[in-house]
4 protein chains.
Amino acid sequence: MELPDVQSRRIEGEFKLTRVGVKGVKKPIEVVRPDRRVPLVLSIDAYVDLPSTLRGVHMSRNIESINEVLDLGVRQEVGSIEELAGMMAKDLLDRHDYATYSEVMFDCTYFLERASPSGAKCLENYRLMTKAVAERDGPVSRTIGVEAIGITACPCGMETTRKLTEEKLGYAPPELWLTHNQRNVARLFMDIPEGSDIEADELIDILESSVSAPTHEILKRQDEAEIILDSHMNPKFVEDVVRDILATVVERFSDLPDEVSVIAQSESEESIHKHSAFAERNTTLGSLRS
Amino acid sequence: MELPDVQSRRIEGEFKLTRVGVKGVKKPIEVVRPDRRVPLVLSIDAYVDLPSTLRGVHMSRNIESINEVLDLGVRQEVGSIEELAGMMAKDLLDRHDYATYSEVMFDCTYFLERASPSGAKCLENYRLMTKAVAERDGPVSRTIGVEAIGITACPCGMETTRKLTEEKLGYAPPELWLTHNQRNVARLFMDIPEGSDIEADELIDILESSVSAPTHEILKRQDEAEIILDSHMNPKFVEDVVRDILATVVERFSDLPDEVSVIAQSESEESIHKHSAFAERNTTLGSLRS
Amino acid sequence: MELPDVQSRRIEGEFKLTRVGVKGVKKPIEVVRPDRRVPLVLSIDAYVDLPSTLRGVHMSRNIESINEVLDLGVRQEVGSIEELAGMMAKDLLDRHDYATYSEVMFDCTYFLERASPSGAKCLENYRLMTKAVAERDGPVSRTIGVEAIGITACPCGMETTRKLTEEKLGYAPPELWLTHNQRNVARLFMDIPEGSDIEADELIDILESSVSAPTHEILKRQDEAEIILDSHMNPKFVEDVVRDILATVVERFSDLPDEVSVIAQSESEESIHKHSAFAERNTTLGSLRS
Amino acid sequence: MELPDVQSRRIEGEFKLTRVGVKGVKKPIEVVRPDRRVPLVLSIDAYVDLPSTLRGVHMSRNIESINEVLDLGVRQEVGSIEELAGMMAKDLLDRHDYATYSEVMFDCTYFLERASPSGAKCLENYRLMTKAVAERDGPVSRTIGVEAIGITACPCGMETTRKLTEEKLGYAPPELWLTHNQRNVARLFMDIPEGSDIEADELIDILESSVSAPTHEILKRQDEAEIILDSHMNPKFVEDVVRDILATVVERFSDLPDEVSVIAQSESEESIHKHSAFAERNTTLGSLRS
């Protein structure tokens, strides 16, 4: 028996659509790295465009694509979710012959082993995001994004506190580093040029070296004091965090072409306010180099 | 006593930043309409750009701007949050003389009185978003966004069910309209051209007339049946919802210029899946007209 | 024409249910205080129990109750949401004659004018929660809950840092108060005994006086330094915050009976960790007094 | 060098605390089942009580407990997170000799392979929660909780629609099953008696058999029609869902003792309203049996 294929109906005088598909599909996968297997729970969005002449997209094909590409990824030991997203974007165009554009996004929690100042090892959590866009007969463009939580100590609060103390007492010891500090959520997004790889772990390193200090799940008393001292010797505005991310990106990725887009963000969950402070640069490697 | 102004320090060899400011500031306001006063609780983001020569933005000025513009808005009976956002974007450039760009975003829950099919009146909730961008010595551009929750009944499920029943029983009554239906979250964003006004209420009307049926907080049994019948006589894919929004936008806003950007979205929280279906068109009025 | 009343069908051999109703109903209201009108956007849950002999609850009656009681509240200038919740719990039992129990919960953002150390006034946001429970032929019991965001400075980090500096330099200046600090979310829930009133504003005062320092939306440089100094002269663990809330509750509410339940919580969004620290006491006034 | 141990300081005249610890710790683990390895990303809360004589809890011990018990769990191939939570609750009392009570909570996304009506296999996602409570020199009590998303079709809408059609047309075909349907989030929590095991998979089966129909990620047209027909032949209020869960629990767990607590919930994200309908029974196996 043939069932009606409502989506495939030809229509006339209609608008084409930019993106149509499934959103928030959850899937567990395992990425195989040289030294370990990384289990991840992905939240996946997968879209294609729709021409003005067709009523609808066959959305179950997007789920089939997700399942088959993820399975293939495990069997072929694909080592990154950026590669998987690129494979899926291409595969979507194969499955939807009427589409000229496809878009895939992954979002997940990711863990890396980190050592506290005294050497205690612990898995710290980060956020990993990726986006792949394919155009028919064109290249697949991929973006990698990471998010890391660190601490920032405020430079302005530190200098004002010192000045006020000096005023009151006649002097202020140079060690008077009092200021407010807080959680800082830093993010970095970069295009991955064709034929290149950008490692999430390297981007996370950049984020953690750009805040006042990285944070740790387990800290014994001496560790805690060292992170406090480190962050106070390294006070940063959200503006400083973004600029330091950008400076390291320029230095580390000197081999990547000028057109690579770069977005760096820092959001400080202010301890002295109920709102956040936020800074962002949205640009290209070329602009940063000039 | 003069306190150190760390933010104003001149720096060299640094990167400029795209946007710096405060995020998630909560404020209650009251918008004065010809026929009523509308209390709103806004979540506000307010940013300016930062030149490469200055260390930081004076963020407390953004809060001062928020407070003073919202106060002024109440005293002058400003009738829309889009106008308030535009005033605030301009005001930010006055307060930050080093900035060349400013950006303000508001997000809030909004209520409109609606009648159920039998005429029972109730306040229904919607989401209202706005964004204003100002450039120094340039115009202020404003965007209005609305979100409404409705119901969609699936056209594909309906036809397949009828076909399968026909196959099994030898016939299918034309009233066999069985299908899955679910919550649909529709959104519409439009640029507001200078000198024009776009009413949130009108955009919400467009969204509610583009889903299978609007939803209501209070429904007596007969109301409930009418909404069920309405939505089943009007089955829609997410693709249909977006196209119907676009068609009404083209018709209603024939006086607006071609360059006005339009984004229409429909997200169906599928009752037969754990994920959503999603469709979007991101374009201009001119493209829709051609 | 009579429509079938499926909910009222008599059933046999079934289970009774503890609570049945509507959840997440959004409503704007205005509470009338002696000195001001307070607009609030409530999220409302309203439930009754269901006997084993009936198939379902008539849920539209819960919406009718919400609408009518809120309207009445505005007309009668009811001055608190706790009173409104109590009225609604009673009204639900009137509308559902088969029910013996009803429960109403409100949750909203609430604003109070606060002055920064230098006297700048600003509306700060808080969270207000309330719960009312009624039993047929019994009293209505009401609970009030408030949440406030403040700053806590860690006492342990402060002492360890001082000790380590002393070790390294041979001395540590007493002003070496360096520590980590962060956002602290404090909450207090109390039963309201019949015939008594407990003011949300007073509970918020208790929370803000129990953290290291309250936070403000707008802070000029000198204000910022004062909050930093205040919080460092007043370092607190989450345990200290909860105990200080409890001590003030015992002192301020000496006229309330022993059986009044009290829940005090403090959650510190740790700046040196990615997780939170949490402390709670769940008890009665009587236990606290003994 | 000995660092100050601020937490261990003896204090006087203070309040004891009900629970103190860490909240929202994220950890990846792998549970080893007879037939497969299940990777999970846990969100963990771990608390102990605090006597009135001590200033604070040593929170890093909670993180050590989490890390060591999870490691041990992997090495010993512990097959359930309920067992891990119980081990951790005991371990916390060993590490905090001043505590008399400990509490551990896990929350995670969980996947099971399911077949659609036509046999296509897919991983469906669920939510798994567990809580373990230990008292010094007492037993460890454990609770298991599961959440599953299904579809419910409304019985009231179906009968009213049929009646109205009959009124209008003089007859209504019995196949006129039109109604609204929507996502239903069902939850079941049960105490695990000492010496017993309750399998999450079995509880998820109970939830999925209690809604109008389970949902699937991938559905071809015929599958979709079958789920539509199934759910319309099996219309359910939230009240029905909860009662059907309870009936199956009583039947399946006839070997468990009367004192086992049972909480069953059903939340319907109504397609004809913007709010949810909700039903709950909070009871014991004994009450359900009587």
# chains A, B, ... in the order shown; residues from 1 in each chain; ligands from 1
$ residues_around --residues "Pro39 of chain A" --least-positions-apart "6" --cutoff "7 Å" --atoms "only C-alpha atoms" --output "ChimeraX atom specification"
/A:29-31 /D:39
$ write_last_selection --atoms "C-alpha atoms" --output "tab-separated table (two decimals), in the first residue's frame"
chain	number	residue	atom	x	y	z
A	29	ILE	CA	28.16	8.82	21.55
A	30	GLU	CA	31.72	7.85	22.25
A	31	VAL	CA	34.56	9.76	20.62
D	39	PRO	CA	27.80	5.95	29.88
$ select_by_dssp --residues "segment 183-280 of chain A" --states "helix (DSSP H, G or I)" --output "number ranges by chain"
A: 200-210, 221-232, 238-252
$ interface_residues --of "chain D" --to "chain C" --cutoff "8 Å" --atoms "only C-alpha atoms" --output "ChimeraX atom specification"
/D:3-7,14-26,55-56,59,155-156,159-160,163-164,237,239-240,243,246,274-282,288
$ write_last_selection --atoms "C-alpha atoms" --output "mmCIF file, in the first residue's frame"
data_model
loop_
_atom_site.group_PDB
_atom_site.id
_atom_site.type_symbol
_atom_site.label_atom_id
_atom_site.label_comp_id
_atom_site.auth_asym_id
_atom_site.auth_seq_id
_atom_site.Cartn_x
_atom_site.Cartn_y
_atom_site.Cartn_z
ATOM 1 C CA LEU D 3 47.289 25.583 57.981
ATOM 2 C CA PRO D 4 44.368 26.914 60.018
ATOM 3 C CA ASP D 5 41.387 24.551 59.986
ATOM 4 C CA VAL D 6 38.602 27.098 60.212
ATOM 5 C CA GLN D 7 35.848 24.565 59.644
ATOM 6 C CA GLU D 14 24.979 27.708 67.762
ATOM 7 C CA PHE D 15 22.370 25.882 65.704
ATOM 8 C CA LYS D 16 22.962 22.474 64.187
ATOM 9 C CA LEU D 17 22.320 22.216 60.432
ATOM 10 C CA THR D 18 20.172 19.702 58.568
ATOM 11 C CA ARG D 19 22.325 19.349 55.488
ATOM 12 C CA VAL D 20 25.575 20.915 54.271
ATOM 13 C CA GLY D 21 27.604 20.020 51.204
ATOM 14 C CA VAL D 22 28.192 20.315 47.485
ATOM 15 C CA LYS D 23 25.547 20.757 44.795
ATOM 16 C CA GLY D 24 25.671 20.320 41.022
ATOM 17 C CA VAL D 25 28.959 18.410 40.762
ATOM 18 C CA LYS D 26 29.172 16.939 37.233
ATOM 19 C CA ARG D 55 31.730 25.833 62.464
ATOM 20 C CA GLY D 56 31.761 24.084 59.092
ATOM 21 C CA MET D 59 33.441 20.072 51.693
ATOM 22 C CA PRO D 155 -10.895 11.738 26.728
ATOM 23 C CA CYS D 156 -13.058 14.773 27.450
ATOM 24 C CA GLU D 159 -16.511 12.811 23.762
ATOM 25 C CA THR D 160 -17.478 16.443 23.496
ATOM 26 C CA LYS D 163 -21.490 14.868 20.859
ATOM 27 C CA LEU D 164 -21.271 18.220 19.095
ATOM 28 C CA PHE D 237 -6.358 12.315 31.594
ATOM 29 C CA GLU D 239 -5.441 11.392 36.520
ATOM 30 C CA ASP D 240 -5.719 8.194 34.451
ATOM 31 C CA ARG D 243 -3.796 5.641 38.439
ATOM 32 C CA LEU D 246 -0.115 2.895 40.506
ATOM 33 C CA LYS D 274 -0.213 27.518 27.562
ATOM 34 C CA HIS D 275 -0.028 25.892 31.039
ATOM 35 C CA SER D 276 0.257 22.265 32.172
ATOM 36 C CA ALA D 277 -2.197 19.839 33.754
ATOM 37 C CA PHE D 278 -0.705 17.861 36.642
ATOM 38 C CA ALA D 279 -1.690 14.899 38.829
ATOM 39 C CA GLU D 280 0.163 13.163 41.645
ATOM 40 C CA ARG D 281 -0.226 10.434 44.239
ATOM 41 C CA ASN D 282 2.216 10.428 47.113
ATOM 42 C CA LEU D 288 -2.362 1.317 47.592
#
$ atom_distance --atom1 "atom CA of Val38 of chain D" --atom2 "atom CA of Arg75 of chain D"
14.3 Å
$ select_by_dssp --residues "segment 32-275 of chain C" --states "strand (DSSP E)" --output "PyMOL selection string"
chain C and resi 32-33+36-50+101-115+121-135+140-153+181-192+213-214+261-268
$ residues_around --residues "Pro193 of chain A" --least-positions-apart "5" --cutoff "9 Å" --atoms "only C-alpha atoms" --output "list in words"
Ser141, Arg142, Thr143, Ile198, Leu256, Pro257, Glu259 and Val260 of chain A
$ atom_distance --atom1 "atom CA of Ala132 of chain C" --atom2 "atom CA of Val78 of chain C"
15.5 Å
